[in-house]
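Q: Data: data-v8.cif, mmCIF, C-alpha atoms.
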```cif
data_upload
#
loop_
_atom_site.label_atom_id
_atom_site.label_comp_id
_atom_site.auth_asym_id
_atom_site.auth_seq_id
_atom_site.Cartn_x
_atom_site.Cartn_y
_atom_site.Cartn_z
CA MET A 31 2.74 -22.34 -11.12
CA GLU A 32 3.88 -21.05 -14.43
CA GLU A 33 7.10 -19.22 -15.01
CA TYR A 34 8.32 -17.64 -11.80
CA ALA A 35 10.03 -14.50 -12.94
CA ARG A 36 12.08 -12.68 -10.36
CA GLU A 37 10.99 -9.36 -9.03
CA PRO A 38 12.49 -6.15 -10.41
CA CYS A 39 15.50 -4.96 -8.59
CA PRO A 40 14.93 -3.12 -5.34
CA TRP A 41 12.05 -5.42 -4.39
CA ARG A 42 14.10 -8.47 -5.21
CA ILE A 43 15.98 -7.95 -1.94
CA VAL A 44 12.78 -8.26 0.08
CA ASP A 45 11.65 -11.20 -1.99
CA ASP A 46 14.93 -13.09 -1.68
CA CYS A 47 15.10 -12.34 2.01
CA GLY A 48 11.66 -13.84 2.50
CA GLY A 49 12.40 -16.83 0.32
CA ALA A 50 15.60 -17.56 2.19
CA PHE A 51 13.83 -17.13 5.53
CA THR A 52 11.12 -19.57 4.49
CA MET A 53 13.67 -22.06 3.28
CA GLY A 54 15.61 -21.76 6.51
CA ALA A 55 12.49 -22.03 8.64
CA ILE A 56 11.14 -25.14 6.94
CA GLY A 57 14.53 -26.78 6.54
CA GLY A 58 15.48 -25.89 10.09
CA ALA A 59 12.20 -27.27 11.41
CA LEU A 60 12.78 -30.58 9.65
CA PHE A 61 16.44 -30.82 10.60
CA GLN A 62 16.08 -29.73 14.21
CA GLY A 63 12.97 -31.85 14.60
CA ILE A 64 14.90 -34.97 13.65
CA LYS A 65 17.91 -33.93 15.68
CA GLY A 66 15.86 -33.16 18.78
CA PHE A 67 13.99 -36.43 18.37
CA ARG A 68 17.23 -38.40 18.30
CA ASN A 69 18.88 -36.46 21.11
CA ALA A 70 15.99 -36.64 23.58
CA PRO A 71 15.77 -39.16 26.45
CA SER A 72 13.96 -42.37 25.67
CA GLY A 73 10.19 -42.56 25.66
CA MET A 74 8.03 -41.47 22.77
CA SER A 75 6.39 -38.48 24.44
CA ARG A 76 9.73 -37.21 25.67
CA ARG A 77 11.21 -37.62 22.23
CA PHE A 78 8.45 -35.58 20.67
CA ALA A 79 8.78 -32.96 23.38
CA GLY A 80 12.52 -32.72 22.74
CA SER A 81 11.91 -32.47 19.03
CA LEU A 82 9.41 -29.66 19.52
CA ALA A 83 11.68 -27.80 21.90
CA ALA A 84 14.59 -28.02 19.46
CA VAL A 85 12.41 -26.78 16.60
CA LYS A 86 11.11 -23.89 18.66
CA GLN A 87 14.51 -22.90 19.89
CA ARG A 88 16.75 -23.28 16.88
CA SER A 89 14.84 -23.17 13.63
CA PRO A 90 14.09 -19.41 13.82
CA ILE A 91 17.80 -18.79 14.28
CA LEU A 92 18.67 -20.81 11.21
CA ALA A 93 15.90 -19.04 9.31
CA GLY A 94 17.29 -15.67 10.39
CA ASN A 95 20.77 -16.63 9.26
CA PHE A 96 19.39 -17.71 5.92
CA ALA A 97 17.45 -14.46 5.63
CA VAL A 98 20.57 -12.42 6.27
CA TRP A 99 22.40 -14.43 3.63
CA GLY A 100 19.61 -13.92 1.11
CA GLY A 101 19.29 -10.24 1.86
CA VAL A 102 22.99 -9.49 1.56
CA PHE A 103 23.26 -11.63 -1.56
CA SER A 104 20.38 -9.87 -3.23
CA SER A 105 21.61 -6.42 -2.25
CA ILE A 106 24.98 -7.11 -3.84
CA ASP A 107 23.25 -8.62 -6.86
CA CYS A 108 21.20 -5.48 -7.34
CA THR A 109 24.25 -3.28 -6.85
CA LEU A 110 26.05 -5.26 -9.54
CA VAL A 111 23.08 -4.99 -11.87
CA TYR A 112 23.16 -1.25 -11.37
CA LEU A 113 26.92 -0.99 -11.86
CA ARG A 114 27.35 -3.39 -14.78
CA HIS A 115 24.07 -2.65 -16.54
CA LYS A 116 23.42 -6.31 -17.22
CA GLU A 117 22.12 -9.41 -15.51
CA ASP A 118 24.09 -12.54 -16.06
CA PRO A 119 25.38 -15.52 -14.08
CA TRP A 120 28.52 -13.61 -13.17
CA ASN A 121 26.45 -11.27 -11.02
CA SER A 122 25.20 -14.17 -8.95
CA ILE A 123 28.61 -15.76 -8.66
CA ILE A 124 30.30 -12.52 -7.64
CA SER A 125 27.60 -11.67 -5.13
CA GLY A 126 27.70 -15.20 -3.72
CA ALA A 127 31.42 -14.90 -3.13
CA ALA A 128 31.09 -11.38 -1.72
CA THR A 129 28.29 -12.45 0.61
CA GLY A 130 30.32 -15.35 1.90
CA GLY A 131 33.23 -13.03 2.50
CA ILE A 132 31.23 -10.27 4.18
CA LEU A 133 29.39 -12.59 6.54
CA ALA A 134 32.64 -14.19 7.65
CA ALA A 135 34.33 -10.84 8.15
CA ARG A 136 34.53 -11.28 11.92
CA ASN A 137 36.49 -14.52 11.65
CA GLY A 138 39.67 -13.23 10.04
CA VAL A 139 40.98 -13.06 6.51
CA PRO A 140 41.58 -16.80 5.92
CA ALA A 141 38.03 -17.61 6.98
CA MET A 142 36.74 -14.83 4.76
CA ALA A 143 38.62 -16.22 1.78
CA GLY A 144 37.33 -19.71 2.45
CA SER A 145 33.75 -18.55 2.83
CA ALA A 146 34.00 -16.42 -0.28
CA LEU A 147 35.34 -19.39 -2.23
CA ILE A 148 32.56 -21.63 -0.97
CA GLY A 149 29.93 -19.00 -1.76
CA GLY A 150 31.26 -18.41 -5.25
CA VAL A 151 31.55 -22.10 -6.08
CA LEU A 152 28.08 -22.79 -4.70
CA LEU A 153 26.48 -20.05 -6.76
CA ALA A 154 28.49 -21.07 -9.81
CA LEU A 155 27.15 -24.60 -9.39
CA ILE A 156 23.58 -23.33 -9.04
CA GLU A 157 23.89 -21.09 -12.08
CA GLY A 158 25.59 -23.85 -14.04
CA VAL A 159 22.81 -26.29 -13.26
CA GLY A 160 20.28 -23.64 -14.26
CA ILE A 161 21.99 -23.04 -17.59
CA LEU A 162 22.28 -26.79 -18.13
CA PHE A 163 18.57 -27.25 -17.55
CA THR A 164 17.76 -24.40 -19.90
CA ARG A 165 19.92 -26.01 -22.58
CA LEU A 166 18.36 -29.41 -22.06
CA THR A 167 14.81 -28.13 -22.17
CA ALA A 168 15.61 -25.94 -25.16
CA GLU A 169 16.84 -29.01 -27.01
CA GLN A 170 13.40 -30.55 -27.23
CA PHE A 171 11.86 -27.40 -28.65
CA ARG A 172 14.36 -27.10 -31.46
CA GLN A 173 12.79 -26.47 -34.82
CA HIS A 174 13.12 -29.20 -37.36
CA GLY A 175 12.66 -27.69 -40.76
CA PRO A 176 10.60 -29.72 -43.19
CA PHE A 177 13.36 -29.55 -45.80
CA GLU A 178 16.14 -30.79 -43.62
CA ASP A 179 16.83 -33.87 -45.65
CA PRO A 180 16.49 -33.06 -49.34
CA ALA A 181 16.77 -36.73 -50.25
CA SER A 182 13.44 -37.37 -48.61
CA LEU A 183 11.75 -35.00 -50.98
CA GLY A 184 11.87 -37.79 -53.49
CA PHE A 185 12.82 -36.12 -56.72
CA PRO A 186 11.98 -38.35 -59.60
CA GLY A 187 15.13 -39.64 -61.25
CA GLY A 188 17.28 -38.77 -58.21
CA GLY A 189 18.00 -35.12 -58.90
CA ASN A 190 21.08 -33.73 -57.29
CA PRO A 191 20.06 -32.80 -53.74
CA GLN A 192 23.19 -30.75 -53.18
CA ASN A 193 21.66 -27.98 -55.25
CA TYR A 194 19.22 -27.22 -52.49
CA GLN A 195 21.63 -26.62 -49.71
CA MET B 237 -13.31 2.43 -42.65
CA PHE B 238 -9.99 1.70 -44.23
CA SER B 239 -9.92 4.59 -46.64
CA ASP B 240 -8.23 7.93 -46.38
CA ARG B 241 -11.45 9.87 -46.62
CA ASP B 242 -12.82 8.59 -43.32
CA VAL B 243 -9.80 9.77 -41.45
CA GLY B 244 -9.71 12.94 -43.43
CA SER B 245 -5.96 13.30 -43.58
CA PRO B 246 -3.81 13.75 -46.67
CA GLN B 247 -1.83 10.58 -46.15
CA SER B 248 -0.14 8.71 -48.89
CA PRO B 249 -2.10 5.73 -50.18
CA PHE B 250 0.79 3.43 -49.34
CA VAL B 251 0.34 3.61 -45.59
CA SER B 252 -0.47 0.38 -43.83
CA PRO B 253 -4.21 -0.23 -43.74
CA TYR B 254 -3.90 -1.19 -40.09
CA LEU B 255 -2.81 2.32 -39.18
CA ASN B 256 -5.38 3.94 -41.38
CA PHE B 257 -8.73 3.85 -39.66
CA ASP B 258 -10.86 5.90 -37.39
CA PRO B 259 -9.92 5.25 -33.75
CA ALA B 260 -13.52 5.90 -32.79
CA TYR B 261 -14.27 2.36 -33.94
CA LEU B 262 -12.07 0.96 -31.19
CA PRO B 263 -13.87 -0.11 -28.04
CA GLU B 264 -13.47 2.27 -25.18
CA ALA B 265 -10.82 0.97 -22.80
CA THR B 266 -12.03 1.65 -19.29
CA GLN B 267 -9.58 -0.63 -17.53
CA PRO B 268 -6.10 -1.91 -18.27
CA GLU B 269 -6.10 -4.50 -20.99
CA PHE B 270 -3.65 -7.32 -20.48
CA ILE B 271 -3.50 -10.70 -22.07
CA PHE B 272 -3.30 -13.40 -19.46
CA PRO B 273 -2.16 -16.93 -20.11
CA GLU B 274 -4.88 -19.53 -20.27
CA GLY B 275 -6.08 -20.46 -16.81
CA ALA B 276 -3.93 -17.95 -14.98
CA SER B 277 -5.56 -15.78 -12.37
CA LYS B 278 -5.66 -12.07 -13.00
CA GLN B 279 -4.07 -11.14 -9.72
CA ARG B 280 -1.07 -12.35 -7.90
CA GLY B 281 -2.21 -14.91 -5.40
CA ARG B 282 -1.05 -15.53 -1.90
CA PHE B 283 1.85 -17.72 -2.95
CA GLU B 284 3.39 -15.11 -5.22
CA LEU B 285 3.13 -12.47 -2.51
CA ALA B 286 4.20 -14.73 0.32
CA PHE B 287 7.96 -14.35 -0.02
CA SER B 288 7.79 -10.60 -0.27
CA GLN B 289 5.57 -10.44 2.78
CA ILE B 290 7.87 -12.69 4.76
CA GLY B 291 10.93 -10.72 3.75
CA ALA B 292 9.23 -7.43 4.51
CA SER B 293 8.12 -8.54 7.95
CA CYS B 294 11.61 -9.85 8.64
CA MET B 295 13.14 -6.52 7.72
CA VAL B 296 10.53 -4.54 9.64
CA GLY B 297 11.18 -6.78 12.64
CA ALA B 298 14.91 -6.19 12.35
CA GLY B 299 14.32 -2.44 12.22
CA ILE B 300 11.95 -2.33 15.16
CA GLY B 301 14.06 -4.73 17.20
CA GLY B 302 17.23 -2.82 16.40
CA ALA B 303 15.66 0.48 17.44
CA SER B 304 14.28 -0.88 20.68
CA GLY B 305 17.57 -2.66 21.35
CA PHE B 306 19.41 0.60 20.81
CA TYR B 307 17.11 2.38 23.24
CA ASN B 308 17.42 -0.37 25.82
CA GLY B 309 21.17 -0.46 25.37
CA LEU B 310 21.44 3.29 25.91
CA ARG B 311 19.43 3.01 29.11
CA MET B 312 21.28 -0.02 30.42
CA THR B 313 24.73 1.40 29.76
CA VAL B 314 23.81 4.66 31.48
CA LEU B 315 22.47 2.74 34.45
CA GLU B 316 25.58 0.63 34.69
CA GLY B 317 27.88 3.56 34.15
CA GLN B 318 29.67 2.07 31.13
CA THR B 319 31.47 4.50 28.87
CA GLY B 320 33.70 4.58 25.83
CA LYS B 321 34.61 1.37 24.08
CA LEU B 322 32.70 -0.79 26.51
CA ARG B 323 29.54 1.19 25.97
CA ARG B 324 29.87 0.97 22.21
CA THR B 325 30.28 -2.78 22.28
CA GLN B 326 27.38 -3.18 24.68
CA LEU B 327 25.19 -1.03 22.44
CA LEU B 328 26.10 -3.13 19.42
CA ASN B 329 25.35 -6.30 21.38
CA HIS B 330 21.96 -4.99 22.43
CA VAL B 331 21.05 -3.89 18.91
CA MET B 332 22.12 -7.14 17.29
CA LYS B 333 20.50 -9.35 19.88
CA ARG B 334 17.15 -7.61 20.04
CA GLY B 335 17.07 -7.00 16.29
CA ALA B 336 17.74 -10.62 15.42
CA ALA B 337 15.22 -11.88 17.96
CA THR B 338 12.43 -9.59 16.78
CA ALA B 339 13.20 -10.25 13.12
CA ASN B 340 13.07 -14.00 13.71
CA THR B 341 9.81 -13.78 15.64
CA LEU B 342 8.06 -11.62 13.08
CA GLY B 343 9.45 -13.70 10.24
CA VAL B 344 8.22 -16.94 11.77
CA VAL B 345 4.79 -15.40 12.28
CA ALA B 346 4.78 -14.30 8.64
CA VAL B 347 5.85 -17.77 7.48
CA MET B 348 3.03 -19.35 9.47
CA TYR B 349 0.48 -16.82 8.23
CA SER B 350 1.55 -17.20 4.61
CA GLY B 351 1.55 -20.96 4.88
CA PHE B 352 -1.93 -21.05 6.34
CA GLY B 353 -3.16 -18.46 3.86
CA VAL B 354 -1.85 -20.43 0.89
CA LEU B 355 -3.25 -23.64 2.36
CA PHE B 356 -6.70 -22.14 2.95
CA SER B 357 -6.95 -20.51 -0.45
CA TRP B 358 -5.82 -23.77 -2.03
CA LEU B 359 -8.35 -25.80 -0.06
CA ARG B 360 -11.27 -23.43 -0.60
CA GLY B 361 -10.37 -22.57 -4.17
CA CYS B 362 -10.91 -18.86 -3.64
CA ASP B 363 -9.06 -15.99 -2.05
CA ASP B 364 -11.08 -13.66 0.17
CA GLU B 365 -11.28 -12.08 3.62
CA LEU B 366 -12.32 -15.33 5.23
CA ASN B 367 -8.94 -16.79 4.36
CA THR B 368 -7.20 -13.82 5.97
CA LEU B 369 -9.24 -14.15 9.15
CA GLY B 370 -8.78 -17.90 9.35
CA ALA B 371 -5.08 -17.78 8.60
CA ALA B 372 -4.45 -15.06 11.17
CA THR B 373 -6.41 -16.89 13.86
CA THR B 374 -4.66 -20.20 13.22
CA THR B 375 -1.30 -18.45 13.14
CA GLY B 376 -1.91 -16.88 16.52
CA MET B 377 -3.01 -20.20 17.96
CA LEU B 378 -0.07 -22.11 16.51
CA PHE B 379 2.43 -19.49 17.61
CA ARG B 380 1.23 -19.71 21.20
CA SER B 381 0.30 -23.38 21.11
CA THR B 382 3.20 -24.57 23.26
CA SER B 383 2.51 -22.28 26.20
CA GLY B 384 -0.83 -23.57 27.39
CA LEU B 385 -4.42 -23.67 26.22
CA LYS B 386 -5.30 -20.25 27.57
CA LYS B 387 -2.42 -18.48 25.87
CA CYS B 388 -3.15 -20.39 22.71
CA GLY B 389 -6.68 -19.03 22.70
CA LEU B 390 -5.39 -15.58 23.52
CA GLY B 391 -2.96 -15.74 20.58
CA GLY B 392 -5.77 -16.80 18.31
CA ALA B 393 -7.90 -13.93 19.54
CA VAL B 394 -5.09 -11.45 18.93
CA GLY B 395 -4.62 -12.80 15.41
CA PHE B 396 -8.34 -12.65 14.76
CA GLY B 397 -8.54 -9.09 16.05
CA LEU B 398 -5.65 -7.88 13.91
CA ALA B 399 -7.06 -9.60 10.84
CA THR B 400 -10.48 -8.08 11.48
CA VAL B 401 -9.02 -4.60 11.67
CA TYR B 402 -7.01 -5.25 8.51
CA CYS B 403 -10.05 -6.56 6.64
CA LEU B 404 -12.20 -3.64 7.78
CA ILE B 405 -9.59 -1.22 6.48
CA THR B 406 -8.87 -2.92 3.17
CA SER B 407 -12.46 -3.69 2.18
CA ARG B 408 -13.92 -0.46 3.51
CA ASP B 409 -15.38 0.46 0.12
CA ARG B 410 -17.22 -2.79 -0.25
CA ILE B 411 -18.65 -2.59 3.25
CA ASN B 412 -19.78 0.97 2.63
CA SER B 413 -21.52 0.07 -0.59
CA PHE B 414 -23.11 -2.93 1.12
CA LEU B 415 -24.45 -0.78 3.93
CA GLU B 416 -25.73 1.85 1.53
CA SER B 417 -27.52 -0.73 -0.56
CA LYS B 418 -29.26 -2.05 2.55
CA SER B 419 -30.42 1.22 3.99
#
```
Go ahead and express the file in the form of structure tokens.

A:
Amino acid sequence: MEEYAREPCPWRIVDDCGGAFTMGAIGGALFQGIKGFRNAPSGMSRRFAGSLAAVKQRSPILAGNFAVWGGVFSSIDCTLVYLRHKEDPWNSIISGAATGGILAARNGVPAMAGSALIGGVLLALIEGVGILFTRLTAEQFRQHGPFEDPASLGFPGGGNPQNYQ
Amino acid sequence: MFSDRDVGSPQSPFVSPYLNFDPAYLPEATQPEFIFPEGASKQRGRFELAFSQIGASCMVGAGIGGASGFYNGLRMTVLEGQTGKLRRTQLLNHVMKRGAATANTLGVVAVMYSGFGVLFSWLRGCDDELNTLGAATTTGMLFRSTSGLKKCGLGGAVGFGLATVYCLITSRDRINSFLESKS
């Protein structure tokens, strides 16, 4: 897959919702499969049955929670794009914090603050890693001019290279 | 071709030669002309559309489930004679519960369908109606696979039927032209 550009704004909500749901579904299937396997009574067939039951029962719920997170996050992201007229890492960080806060709204103000902090820090980490990767990959494409080192031009008689800078 | 006389306009001779020619020499553009990267397909494939489809079916499921939950909640609260605050809370519970359940179900179905679709188009190397039919049938079978062989087959049949209807609608033009060419 070549460059995966994000969708333009209103559709980004649908796209992010689906991506988060997929992530939750697959991750939840793996996690609950292992958990159900370990929690089941002994015997291989029973273990697999327990694993399957856990996956069936719980992974859609995790996927749904992820989807809600992604949808709210993306909605706030798009609102911020509309309000601030620019797209930068701050949008993601703010919407991560706001999403964390909104989704913990039923648990009281301290829980909201904690969730918002976690959301903001998480998104800041993600954005930071993204920027870091962009920097690192940009490094190897940096242009090296052919006249970078004037001494290598080899002027006969050792002309003063400082003239060329 | 690059002179002023062909265009027949009193332009200054210092205009760029690239702007100064008869547009009739350009090939007629009958379809949109885009430059695609080397090796890239000209359409978005199943993978690029998958996340939007999953998200859309999730949201549609939440909407349908919420509406039906609201209706059910109204009926149940009237039957049980709940009013005021209690009724409001019960309504909210119904809406949230049914909405989340339906959204999860539809979303899981969409994830399965997209996964199978991507897998089939990757395996077969092409993207056509056969992939849609196969993916829908396998999705139905997988979704019902834990509740017995009969239900599994029934799920597959439902998936196949829906996919057939979808394919008949989307490729109606091609089928029509095929039938006309035969008769």

Q: Given the file above and the PyMOL selection byres ((chain A) within 8 of (chain B)), which residues are selected, and can you give them as a short mmCIF file (atom, residue, chain, number, x, y, z; two decimals) with C-alpha atoms, in the frame of the given file?

A:
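After the write, result_15.cif holds the following:
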```cif
data_model
loop_
_atom_site.label_atom_id
_atom_site.label_comp_id
_atom_site.auth_asym_id
_atom_site.auth_seq_id
_atom_site.Cartn_x
_atom_site.Cartn_y
_atom_site.Cartn_z
CA TRP A 41 12.05 -5.42 -4.39
CA VAL A 44 12.78 -8.26 0.08
CA ASP A 45 11.65 -11.20 -1.99
CA ASP A 46 14.93 -13.09 -1.68
CA CYS A 47 15.10 -12.34 2.01
CA GLY A 48 11.66 -13.84 2.50
CA GLY A 49 12.40 -16.83 0.32
CA PHE A 51 13.83 -17.13 5.53
CA THR A 52 11.12 -19.57 4.49
CA ALA A 55 12.49 -22.03 8.64
CA PRO A 90 14.09 -19.41 13.82
CA ILE A 91 17.80 -18.79 14.28
CA ALA A 93 15.90 -19.04 9.31
CA GLY A 94 17.29 -15.67 10.39
CA ALA A 97 17.45 -14.46 5.63
#
```

Q: What gap, in Å, lies between atom CA of B:Leu315 and atom CA of B:Gly335?

A: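 Going from atom CA of B:Leu315 over to atom CA of B:Gly335 covers 21.3 Å.
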
Q: Please enumerate the residues selected by the PyMOL selection byres ((chain A and resi 122) around 10) when evaluated against the supplied file, formatted as a ChimeraX atom specification.

A: /A:103-104,106-108,110-111,117-121,123-128,149-150,153-154,156-157

Q: With the file shown as input, list the residues that the PyMOL selection byres ((chain B and resi 390) around 12) selects, as a VMD selection string.

A: chain B and resid 373 to 381 383 to 389 391 to 397

Q: Which polymer residues have any atom within 7 Å of an atom of stretch 361-370 of chain B, counting all atoms listed in the file, with same-chain residues fewer than 2 positions away left out, as a list in words?

A: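 Answer for this query is Gly353, Phe356, Ser357, Trp358, Leu359, Ala372, Thr373, Thr374, Phe396, Ala399, Thr400 and Cys403 of chain B.
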
Q: Mind pulling up the distance from atom CA of A:Thr129 to atom CA of A:Phe96?

A: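 That distance, rounded to one decimal, is 11.6 Å.
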
Q: Quick one: of A:Ile161, A:Ala168, A:Val102, A:Leu152, who's nearest to A:Arg42, counting only C-alpha atoms?

A: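 Of A:Ile161, A:Ala168, A:Val102, A:Leu152, the one nearest A:Arg42 is A:Val102, counting only C-alpha atoms.
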
Q: Pick from A:Asn69, A:Gln62, A:Ser75, A:Ser105: nearest to A:Pro40, with all atoms listed in the file counted?

A: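 Residue with the minimum atom-to-atom distance to A:Pro40: A:Ser105.
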
Q: Write out as a count of residues only the residues lying within 12 Å of B:Ala303, counting only C-alpha atoms and excluding same-chain residues fewer than 3 positions away.

A: 21

Q: How many Å lie between atom CA of A:Lys116 and atom CA of A:Asn95, rounded to one decimal?

A: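 Computed distance, atom CA of A:Lys116 to atom CA of A:Asn95, equals 28.5 Å.
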